[in-house]
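**Student:** Sharing a structure with you now.
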Amino acid sequence: MVVGSMILKVKVVNTGFAKGSLLISQQPISFFGGVDPSTGVIVEKNHPLEGVNLCRRILAVPSSKGSTVGSYVIYSLAKRGVAPSGIILGQEDSIISSGAILAGIPVVIADTRRILSSFKNGETIILDAKRGRILRFTGKA
Amino acid sequence: MNTRVTKRMFKKILEAMQPGRKRYIKISSAHLSGISYLNIGDAGLEFLEDLGRSGLKFKVRTTINPGCVDYDSTVECDPEVVEKQRRIIRSLKNIGATESLTCMPYLFDNPLRKNQKIAWAESSAVLYANSIIGASTNKEGSLTALASAILGYTARTGIHLRNGKKPKILFQYNGELKDEVDYGLLGYVMGVKAGAEIPYLRLKKPVGNILCYKQLLAGFGTSGAAPMVWIENLTPGFSRVKKPVRKIILDRTELEEERKILSEEAPPFHSKRLIFVTGCPHMSPEEIKIFHETLRSVDRLSVEAWIFTSRSAYLESFQKGLLTELSEKGVRVFKDSCVMYCSLKKDGAHVITNSVKAAYYLRGSFRLKTTLKSLKEFVEEYGGR
């Protein structure tokens with residue numbers, strides 16, 4: 001069984017459960033044009049995370065930007081097994097939410113500042129979007 | 001895709017529109033955006049093909065936006081794009097869509113009544129449906145409209161709420177509006193200032209025909225987030241609606257500032273390929289007739305002119321005998337597709353257009369240079385005798 005210390009209560013958009021390494025993007029992401037749909041690598045020029053792969057990460061992002069077609073790109077990433085395994089949004093965002101719903105990726109909404117102050121980029125966390133909480137992973141019991 | 005799971009997924013998409021609440025409203029018509037292969041790419045194609053195979057069907061009359069190819073003249077198009085666009089349309093037809101391929105479905109393919117509750121994507125059509133016909137739709141996204149078309153209902157938010165159509169801000173424009181481009185610019189400026197709030201528009205000297213208001217609403221839909229504009233003396237029920245207290249007075253200078261951003265001097269026609277494109281939103285037979293009349297004294301244009309319209313409007317205009325003469329004068333008429341046309345992307349031509357919306361997207365997505373000119377200005381300048 002996976003154990004963790006309870007850290008944050010969050011609002012659930014799409015239910016599910018994911019464990020993975022946290023990737024914090026302080027800038028919005030444009031999935032259409034900004035992410036390679038076959039690999040999951042961020043390709044937007046001059047984006048702070050340019051070159052970083054979203055594959056199986058838990059992505060914390062303030063919101064999306066750009067084309068509404070971004071939803072389809074999230075679906076496509078999931079079909080190829082290179083999508084993020086969970087998404088923490090800073091605010092409601094219908095492009096990411098509907099894409100993640102198509103793709104079956106858990107999504108929650110949390111205060112971006114609290115994510116930044118509670119977790120480190122790259123640490124393993126548990127996104128429990130069944131009960132609406134994020135936990136710090138502390139090992140297996 | 002499993003039918004039950006897919007339906008549940010679409011329900012969730014409507015839930016995500018209204019977090020914490022689950023209120024819905026039945027709709028009787030849907031219109032989908034996100035049809036062009038250039039726009040949705042392989043990811044969208046893949047999803048729509050999966051959905052087409054799931055066996056689900058649209059519950060209400062559903063029309064679709066234009067693609068990026070006219071199947072009667074595909075010579076300049078990349079064969080891969082042509083084939084993939086065909087697959088997208090085939091999938092949607094399998095689910096039950098009418099092959100309207102237009103952004104003006106309200107005219108022939110998906111006619112509306114006043115007060116009809118609908119779920120439409122495509123901002124210019126949303127604005128037209130609410131502001132000119134008096135129907136009710138939010139500015140749906142590609143996926144929320146798709147979800148509503150499958151389920152037969154949409155989230156009861158925004159315009160569907162009691163007082164959801166109430167205008168919050170009054171715009172008064174005192175200046176002159178000389179042509180459809182001015183109207184488009186005014187719409188664009190209003191959209192920037194209104195954001196998500198529904199405005200009420202009062203014009204001191206309204207002279208425009210329906211072409212002008214179509215441009216105004218398309219401009220507004222490009223920059224703003226609100227689903228409708230109350231237009232004095234035009235929108236059904238305008239006299240009964242309570243006028244907002246907050247008032248913004250607009251004048252010519254604001255329009256000219258926006259023009260500078262979207263329009264630059266066109267190079268001489270012998271130095272670069274110039275194309276005049278019109279029909280964003282799609283031209284109605286009435287508008288095609290206006291263009292036809294403007295061209296009456298012209299034998300042949302000195303630059304290419306492309307007009308975009310729907311299949312249904314094409315047929316009607318053809319039967320009225322408008323198209324043969326246009327083509328003799330060098331005008332190409334496209335259907336099933338829009339100004340974001342596949343071959344335009346790679347040509348790098350300089351585009352002249354009377355549409356503020358077209359200028360905005362051709363600059364932004366296709367990285368082309370654009371010049372704004374009305375139909376009349378264009379014919380005066382390039383209509384050599």
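Within each chain, counting starts at residue 1; across the structure tokens, chains are named A, B, ... in the order shown, with ligands numbered 1 upward in that order.
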So which residues touch segment 62-70 of chain B within 9 Å, counting only C-alpha atoms, skipping near sequence neighbours fewer than 5 positions away, as a PyMOL selection string?

**Tutor:** chain B and resi 29-39+77+81-82+85-86+88-89+92+96-105+109-110+121-122+149+310+334-343

**Student:** What residues in segment 33-73 of chain A get the DSSP label alpha helix (DSSP H)? Please answer as a PyMOL selection string.

**Tutor:** chain A and resi 33-34+70-73

**Student:** Quick one: everything within 10 Å of Ile275 of chain B, counting only C-alpha atoms, minus sequence neighbours fewer than 5 positions away in the same chain. Send it as a PyMOL selection string.

**Tutor:** chain B and resi 269+303-306+344+349-353+370

**Student:** Quick one: write out the picked residues with N, CA and C atoms as a PDB file, in the first residue's frame?

**Tutor:**
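Produced file part22.pdb, reproduced below:
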```pdb
ATOM      1  N   PHE B 269       1.045  45.371 -56.979  1.00  0.00           N
ATOM      2  CA  PHE B 269       0.609  44.016 -57.349  1.00  0.00           C
ATOM      3  C   PHE B 269       1.557  43.285 -58.294  1.00  0.00           C
ATOM      4  N   VAL B 303      -5.870  41.728 -59.591  1.00  0.00           N
ATOM      5  CA  VAL B 303      -5.314  40.744 -58.644  1.00  0.00           C
ATOM      6  C   VAL B 303      -6.347  39.627 -58.437  1.00  0.00           C
ATOM      7  N   GLU B 304      -5.886  38.527 -57.843  1.00  0.00           N
ATOM      8  CA  GLU B 304      -6.809  37.414 -57.582  1.00  0.00           C
ATOM      9  C   GLU B 304      -7.830  37.810 -56.524  1.00  0.00           C
ATOM     10  N   ALA B 305      -9.041  37.313 -56.669  1.00  0.00           N
ATOM     11  CA  ALA B 305     -10.042  37.510 -55.621  1.00  0.00           C
ATOM     12  C   ALA B 305     -10.663  36.156 -55.296  1.00  0.00           C
ATOM     13  N   TRP B 306     -10.676  35.824 -54.006  1.00  0.00           N
ATOM     14  CA  TRP B 306     -11.242  34.543 -53.565  1.00  0.00           C
ATOM     15  C   TRP B 306     -12.425  34.843 -52.661  1.00  0.00           C
ATOM     16  N   LEU B 344      -3.246  28.590 -48.850  1.00  0.00           N
ATOM     17  CA  LEU B 344      -2.869  29.960 -48.486  1.00  0.00           C
ATOM     18  C   LEU B 344      -1.732  29.961 -47.476  1.00  0.00           C
ATOM     19  N   ALA B 349       1.490  34.682 -49.580  1.00  0.00           N
ATOM     20  CA  ALA B 349       0.973  35.835 -50.322  1.00  0.00           C
ATOM     21  C   ALA B 349       0.620  36.963 -49.352  1.00  0.00           C
ATOM     22  N   HIS B 350       0.456  38.140 -49.912  1.00  0.00           N
ATOM     23  CA  HIS B 350      -0.050  39.261 -49.120  1.00  0.00           C
ATOM     24  C   HIS B 350      -1.574  39.266 -49.291  1.00  0.00           C
ATOM     25  N   VAL B 351      -2.293  39.253 -48.182  1.00  0.00           N
ATOM     26  CA  VAL B 351      -3.747  39.130 -48.260  1.00  0.00           C
ATOM     27  C   VAL B 351      -4.425  40.470 -48.021  1.00  0.00           C
ATOM     28  N   ILE B 352      -5.350  40.791 -48.904  1.00  0.00           N
ATOM     29  CA  ILE B 352      -6.216  41.950 -48.692  1.00  0.00           C
ATOM     30  C   ILE B 352      -7.577  41.372 -48.318  1.00  0.00           C
ATOM     31  N   THR B 353      -8.197  41.894 -47.283  1.00  0.00           N
ATOM     32  CA  THR B 353      -9.485  41.346 -46.874  1.00  0.00           C
ATOM     33  C   THR B 353     -10.373  42.429 -46.291  1.00  0.00           C
ATOM     34  N   THR B 370      -1.317  41.374 -43.930  1.00  0.00           N
ATOM     35  CA  THR B 370      -2.689  41.653 -44.348  1.00  0.00           C
ATOM     36  C   THR B 370      -2.957  43.151 -44.492  1.00  0.00           C
TER      37      THR B 370
END
```

**Student:** What residues in chain A lie within 7 Å of chain B, counting only C-alpha atoms, written as a list in words?

**Tutor:** Val13, Val69, Tyr72, Val73, Ser76, Ser94, Ser97, Ser98, Ile101 and Leu102 of chain A

**Student:** Using only C-alpha atoms, determine which residues lie at most 9 Å from segment 45-48 of chain A, disregarding the query and same-chain residues fewer than 5 positions distant; provide the list as a short mmCIF file (atom, residue, chain, number, x, y, z; two decimals) with N, CA, C and O atoms, in the first residue's frame.

**Tutor:**
```
data_model
loop_
_atom_site.label_atom_id
_atom_site.label_comp_id
_atom_site.auth_asym_id
_atom_site.auth_seq_id
_atom_site.Cartn_x
_atom_site.Cartn_y
_atom_site.Cartn_z
N SER A 25 5.07 24.02 -13.63
CA SER A 25 5.25 25.04 -14.67
C SER A 25 4.67 26.33 -14.13
O SER A 25 3.49 26.39 -13.79
N GLN A 26 5.49 27.35 -14.03
CA GLN A 26 4.95 28.62 -13.52
C GLN A 26 4.24 29.38 -14.62
O GLN A 26 3.47 30.29 -14.36
N GLN A 27 4.50 28.98 -15.87
CA GLN A 27 3.87 29.63 -17.02
C GLN A 27 2.76 28.73 -17.57
O GLN A 27 2.89 27.51 -17.53
N ILE A 29 0.67 26.62 -20.33
CA ILE A 29 1.18 25.79 -21.42
C ILE A 29 0.16 25.77 -22.56
O ILE A 29 -1.03 25.62 -22.33
N GLY A 34 2.57 23.78 -28.66
CA GLY A 34 3.59 23.95 -27.64
C GLY A 34 4.12 22.63 -27.09
O GLY A 34 5.12 22.61 -26.37
#
```

**Student:** If we count only C-alpha atoms and set the cut-off at 12 Å, which residues sit around Leu22 of chain A, ignoring sequence neighbours fewer than 2 positions away in its own chain? Please answer as an mmCIF file with N, CA and C atoms, in the first residue's frame.

**Tutor:**
```cif
data_model
loop_
_atom_site.group_PDB
_atom_site.id
_atom_site.type_symbol
_atom_site.label_atom_id
_atom_site.label_comp_id
_atom_site.auth_asym_id
_atom_site.auth_seq_id
_atom_site.Cartn_x
_atom_site.Cartn_y
_atom_site.Cartn_z
ATOM 1 N N ALA A 18 -3.154 9.141 -9.018
ATOM 2 C CA ALA A 18 -1.873 9.073 -9.730
ATOM 3 C C ALA A 18 -0.721 9.299 -8.772
ATOM 4 N N LYS A 19 0.376 8.616 -9.087
ATOM 5 C CA LYS A 19 1.593 8.850 -8.315
ATOM 6 C C LYS A 19 2.684 9.183 -9.319
ATOM 7 N N GLY A 20 3.510 10.167 -9.006
ATOM 8 C CA GLY A 20 4.566 10.494 -9.956
ATOM 9 C C GLY A 20 5.383 11.675 -9.500
ATOM 10 N N ILE A 24 6.514 21.360 -11.960
ATOM 11 C CA ILE A 24 5.811 22.631 -11.786
ATOM 12 C C ILE A 24 6.125 23.561 -12.952
ATOM 13 N N SER A 25 5.070 24.016 -13.633
ATOM 14 C CA SER A 25 5.255 25.036 -14.666
ATOM 15 C C SER A 25 4.668 26.330 -14.132
ATOM 16 N N ASN A 53 10.070 16.798 -20.696
ATOM 17 C CA ASN A 53 9.042 15.839 -21.080
ATOM 18 C C ASN A 53 7.943 15.743 -20.015
ATOM 19 N N LEU A 54 6.692 15.795 -20.464
ATOM 20 C CA LEU A 54 5.560 15.723 -19.526
ATOM 21 C C LEU A 54 5.196 14.284 -19.188
ATOM 22 N N CYS A 55 5.755 13.339 -19.938
ATOM 23 C CA CYS A 55 5.382 11.937 -19.846
ATOM 24 C C CYS A 55 5.433 11.408 -18.415
ATOM 25 N N ARG A 56 4.270 10.931 -17.927
ATOM 26 C CA ARG A 56 4.111 10.306 -16.594
ATOM 27 C C ARG A 56 4.457 11.235 -15.433
ATOM 28 N N ARG A 57 4.564 12.525 -15.689
ATOM 29 C CA ARG A 57 4.795 13.452 -14.578
ATOM 30 C C ARG A 57 3.435 13.876 -14.019
ATOM 31 N N ILE A 58 3.457 14.441 -12.813
ATOM 32 C CA ILE A 58 2.253 15.114 -12.340
ATOM 33 C C ILE A 58 2.489 16.592 -12.574
ATOM 34 N N LEU A 59 1.720 17.126 -13.488
ATOM 35 C CA LEU A 59 1.971 18.485 -13.966
ATOM 36 C C LEU A 59 1.144 19.497 -13.175
ATOM 37 N N ALA A 60 1.849 20.453 -12.565
ATOM 38 C CA ALA A 60 1.147 21.568 -11.927
ATOM 39 C C ALA A 60 1.323 22.784 -12.831
ATOM 40 N N VAL A 61 0.208 23.332 -13.294
ATOM 41 C CA VAL A 61 0.273 24.415 -14.275
ATOM 42 C C VAL A 61 -0.844 25.416 -13.964
ATOM 43 N N PRO A 84 0.929 13.336 -19.156
ATOM 44 C CA PRO A 84 1.147 13.434 -17.711
ATOM 45 C C PRO A 84 0.202 12.467 -16.996
ATOM 46 N N SER A 85 0.591 11.952 -15.827
ATOM 47 C CA SER A 85 -0.318 11.013 -15.164
ATOM 48 C C SER A 85 -1.334 11.721 -14.278
ATOM 49 N N GLY A 86 -1.099 12.993 -14.009
ATOM 50 C CA GLY A 86 -2.088 13.768 -13.269
ATOM 51 C C GLY A 86 -1.846 15.240 -13.533
ATOM 52 N N ILE A 87 -2.890 16.073 -13.353
ATOM 53 C CA ILE A 87 -2.726 17.513 -13.605
ATOM 54 C C ILE A 87 -3.306 18.306 -12.431
ATOM 55 N N ILE A 88 -2.506 19.263 -11.953
ATOM 56 C CA ILE A 88 -2.968 20.173 -10.909
ATOM 57 C C ILE A 88 -3.074 21.564 -11.550
ATOM 58 N N ILE A 115 1.069 25.178 -3.817
ATOM 59 C CA ILE A 115 1.831 24.069 -4.398
ATOM 60 C C ILE A 115 3.322 24.406 -4.329
ATOM 61 N N LEU A 116 3.640 25.634 -4.721
ATOM 62 C CA LEU A 116 5.044 26.066 -4.745
ATOM 63 C C LEU A 116 5.657 26.054 -3.349
ATOM 64 N N SER A 118 4.596 24.197 -0.766
ATOM 65 C CA SER A 118 4.519 22.899 -0.085
ATOM 66 C C SER A 118 5.422 21.832 -0.691
ATOM 67 N N PHE A 119 5.667 21.927 -2.016
ATOM 68 C CA PHE A 119 6.399 20.843 -2.680
ATOM 69 C C PHE A 119 7.588 21.358 -3.469
ATOM 70 N N LYS A 120 8.514 20.430 -3.685
ATOM 71 C CA LYS A 120 9.661 20.758 -4.534
ATOM 72 C C LYS A 120 9.432 20.157 -5.916
ATOM 73 N N ASN A 121 9.906 20.855 -6.921
ATOM 74 C CA ASN A 121 9.847 20.339 -8.274
ATOM 75 C C ASN A 121 10.594 19.009 -8.309
ATOM 76 N N GLY A 122 10.013 17.981 -8.894
ATOM 77 C CA GLY A 122 10.699 16.702 -9.035
ATOM 78 C C GLY A 122 10.439 15.725 -7.903
ATOM 79 N N GLU A 123 9.837 16.142 -6.812
ATOM 80 C CA GLU A 123 9.596 15.176 -5.738
ATOM 81 C C GLU A 123 8.369 14.307 -6.061
ATOM 82 N N THR A 124 8.351 13.119 -5.492
ATOM 83 C CA THR A 124 7.264 12.194 -5.801
ATOM 84 C C THR A 124 6.048 12.515 -4.935
ATOM 85 N N ILE A 125 4.937 12.707 -5.605
ATOM 86 C CA ILE A 125 3.712 13.000 -4.863
ATOM 87 C C ILE A 125 2.599 12.053 -5.295
ATOM 88 N N ILE A 126 1.546 12.065 -4.507
ATOM 89 C CA ILE A 126 0.376 11.269 -4.825
ATOM 90 C C ILE A 126 -0.793 12.220 -5.029
ATOM 91 N N LEU A 127 -1.392 12.122 -6.204
ATOM 92 C CA LEU A 127 -2.552 12.955 -6.493
ATOM 93 C C LEU A 127 -3.780 12.073 -6.306
ATOM 94 N N ILE A 134 -3.732 16.085 -2.091
ATOM 95 C CA ILE A 134 -2.404 15.784 -2.613
ATOM 96 C C ILE A 134 -1.536 15.376 -1.423
ATOM 97 N N LEU A 135 -0.797 14.263 -1.579
ATOM 98 C CA LEU A 135 0.042 13.779 -0.486
ATOM 99 C C LEU A 135 1.495 13.725 -0.918
ATOM 100 N N ARG A 136 2.378 13.913 0.066
ATOM 101 C CA ARG A 136 3.799 13.718 -0.212
ATOM 102 C C ARG A 136 4.081 12.226 -0.061
ATOM 103 N N PHE A 137 4.710 11.623 -1.030
ATOM 104 C CA PHE A 137 4.990 10.189 -0.984
ATOM 105 C C PHE A 137 6.121 9.927 -0.003
#
```

**Student:** Using only C-alpha atoms, which residues sit within 9 Å of segment 232-245 of chain B once same-chain residues fewer than 3 positions away are excluded, as a list in words?

**Tutor:**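 Non-adjacent residues within range: Lys114, Asn130, Ser131, Ile132, Ile133, Gly134, Lys166, Pro167, Lys168, Ile169, Leu170, Pro199, Tyr200, Leu201, Arg202, Leu203 and Val229 of chain B.
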
**Student:** Go ahead and dump the residues you just picked, N, CA and C atoms, as a PDB file, in the first residue's frame.

**Tutor:**
```pdb
ATOM      1  N   LYS B 114     -36.551  32.368 -32.800  1.00  0.00           N
ATOM      2  CA  LYS B 114     -36.318  33.199 -31.625  1.00  0.00           C
ATOM      3  C   LYS B 114     -36.537  32.345 -30.365  1.00  0.00           C
ATOM      4  N   ASN B 130     -27.549  34.741 -31.296  1.00  0.00           N
ATOM      5  CA  ASN B 130     -28.093  35.449 -30.129  1.00  0.00           C
ATOM      6  C   ASN B 130     -28.513  36.877 -30.460  1.00  0.00           C
ATOM      7  N   SER B 131     -27.673  37.590 -31.212  1.00  0.00           N
ATOM      8  CA  SER B 131     -27.871  39.030 -31.377  1.00  0.00           C
ATOM      9  C   SER B 131     -28.816  39.375 -32.517  1.00  0.00           C
ATOM     10  N   ILE B 132     -28.871  38.564 -33.557  1.00  0.00           N
ATOM     11  CA  ILE B 132     -29.712  38.897 -34.711  1.00  0.00           C
ATOM     12  C   ILE B 132     -31.011  38.085 -34.693  1.00  0.00           C
ATOM     13  N   ILE B 133     -30.926  36.804 -34.320  1.00  0.00           N
ATOM     14  CA  ILE B 133     -32.116  35.949 -34.362  1.00  0.00           C
ATOM     15  C   ILE B 133     -32.849  35.920 -33.016  1.00  0.00           C
ATOM     16  N   GLY B 134     -32.088  36.099 -31.924  1.00  0.00           N
ATOM     17  CA  GLY B 134     -32.731  36.050 -30.612  1.00  0.00           C
ATOM     18  C   GLY B 134     -32.804  34.653 -30.031  1.00  0.00           C
ATOM     19  N   LYS B 166     -28.736  39.834 -19.837  1.00  0.00           N
ATOM     20  CA  LYS B 166     -28.798  41.244 -19.452  1.00  0.00           C
ATOM     21  C   LYS B 166     -27.519  41.978 -19.847  1.00  0.00           C
ATOM     22  N   PRO B 167     -27.632  43.108 -20.563  1.00  0.00           N
ATOM     23  CA  PRO B 167     -26.410  43.846 -20.919  1.00  0.00           C
ATOM     24  C   PRO B 167     -25.829  44.569 -19.694  1.00  0.00           C
ATOM     25  N   LYS B 168     -24.507  44.602 -19.614  1.00  0.00           N
ATOM     26  CA  LYS B 168     -23.856  45.169 -18.433  1.00  0.00           C
ATOM     27  C   LYS B 168     -23.114  46.468 -18.754  1.00  0.00           C
ATOM     28  N   ILE B 169     -22.983  46.755 -20.047  1.00  0.00           N
ATOM     29  CA  ILE B 169     -22.155  47.889 -20.420  1.00  0.00           C
ATOM     30  C   ILE B 169     -22.714  48.498 -21.714  1.00  0.00           C
ATOM     31  N   LEU B 170     -22.842  49.808 -21.742  1.00  0.00           N
ATOM     32  CA  LEU B 170     -23.404  50.454 -22.928  1.00  0.00           C
ATOM     33  C   LEU B 170     -22.293  51.121 -23.730  1.00  0.00           C
ATOM     34  N   PRO B 199     -22.538  43.559 -24.007  1.00  0.00           N
ATOM     35  CA  PRO B 199     -22.757  44.995 -24.187  1.00  0.00           C
ATOM     36  C   PRO B 199     -24.067  45.328 -24.905  1.00  0.00           C
ATOM     37  N   TYR B 200     -24.449  46.582 -24.793  1.00  0.00           N
ATOM     38  CA  TYR B 200     -25.569  47.145 -25.543  1.00  0.00           C
ATOM     39  C   TYR B 200     -24.975  48.234 -26.420  1.00  0.00           C
ATOM     40  N   LEU B 201     -25.233  48.173 -27.721  1.00  0.00           N
ATOM     41  CA  LEU B 201     -24.585  49.120 -28.638  1.00  0.00           C
ATOM     42  C   LEU B 201     -25.580  50.131 -29.198  1.00  0.00           C
ATOM     43  N   ARG B 202     -25.198  51.392 -29.055  1.00  0.00           N
ATOM     44  CA  ARG B 202     -26.010  52.463 -29.644  1.00  0.00           C
ATOM     45  C   ARG B 202     -25.159  53.201 -30.663  1.00  0.00           C
ATOM     46  N   LEU B 203     -25.654  53.238 -31.892  1.00  0.00           N
ATOM     47  CA  LEU B 203     -24.923  53.949 -32.947  1.00  0.00           C
ATOM     48  C   LEU B 203     -25.654  55.254 -33.246  1.00  0.00           C
ATOM     49  N   VAL B 229     -24.295  40.663 -28.436  1.00  0.00           N
ATOM     50  CA  VAL B 229     -24.304  42.128 -28.373  1.00  0.00           C
ATOM     51  C   VAL B 229     -25.750  42.556 -28.611  1.00  0.00           C
TER      52      VAL B 229
END
```

**Student:** Could you work out how far atom CA of Ser123 of chain B lies from atom CA of Glu264 of chain B, giving the answer in Å with one decimal?

**Tutor:**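 So the two atoms, atom CA of Glu264 of chain B and atom CA of Ser123 of chain B, lie 25.7 Å apart.
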
**Student:** Between atom CA of Asp251 of chain B and atom CA of Phe276 of chain B, what is the distance in Å, rounded to a tenth?

**Tutor:**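 Spanning atom CA of Asp251 of chain B to atom CA of Phe276 of chain B is a straight-line distance of 28.0 Å.
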
**Student:** So, with only C-alpha atoms as the atoms that count, which of A:Thr112, A:Ser30, A:Gln91, A:Ser38 lies closest to Lys65 of chain A?

**Tutor:**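 Of the candidates, the smallest distance to Lys65 of chain A is held by A:Ser30.
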
**Student:** Which is closer to Ser312 of chain B than all the others in B:Leu250, B:Leu375, B:Leu107, B:Leu255, using only C-alpha atoms?

**Tutor:**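 Going through B:Leu250, B:Leu375, B:Leu107, B:Leu255 one by one, the smallest distance to Ser312 of chain B is for B:Leu107.
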
**Student:** Looking only at the backbone, which of the residues in segment 48-138 of chain B does DSSP tag as strand (DSSP E), as a list in words?

**Tutor:**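 So the strand (DSSP E) residues in segment 48-138 of chain B would be Arg61, Thr62, Thr63, Ile64, Ala119 and Trp120 of chain B.
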
**Student:** How many Å lie between atom CA of Lys22 of chain B and atom CA of Lys11 of chain A, rounded to one decimal?

**Tutor:**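 Spanning atom CA of Lys22 of chain B to atom CA of Lys11 of chain A is a straight-line distance of 15.5 Å.
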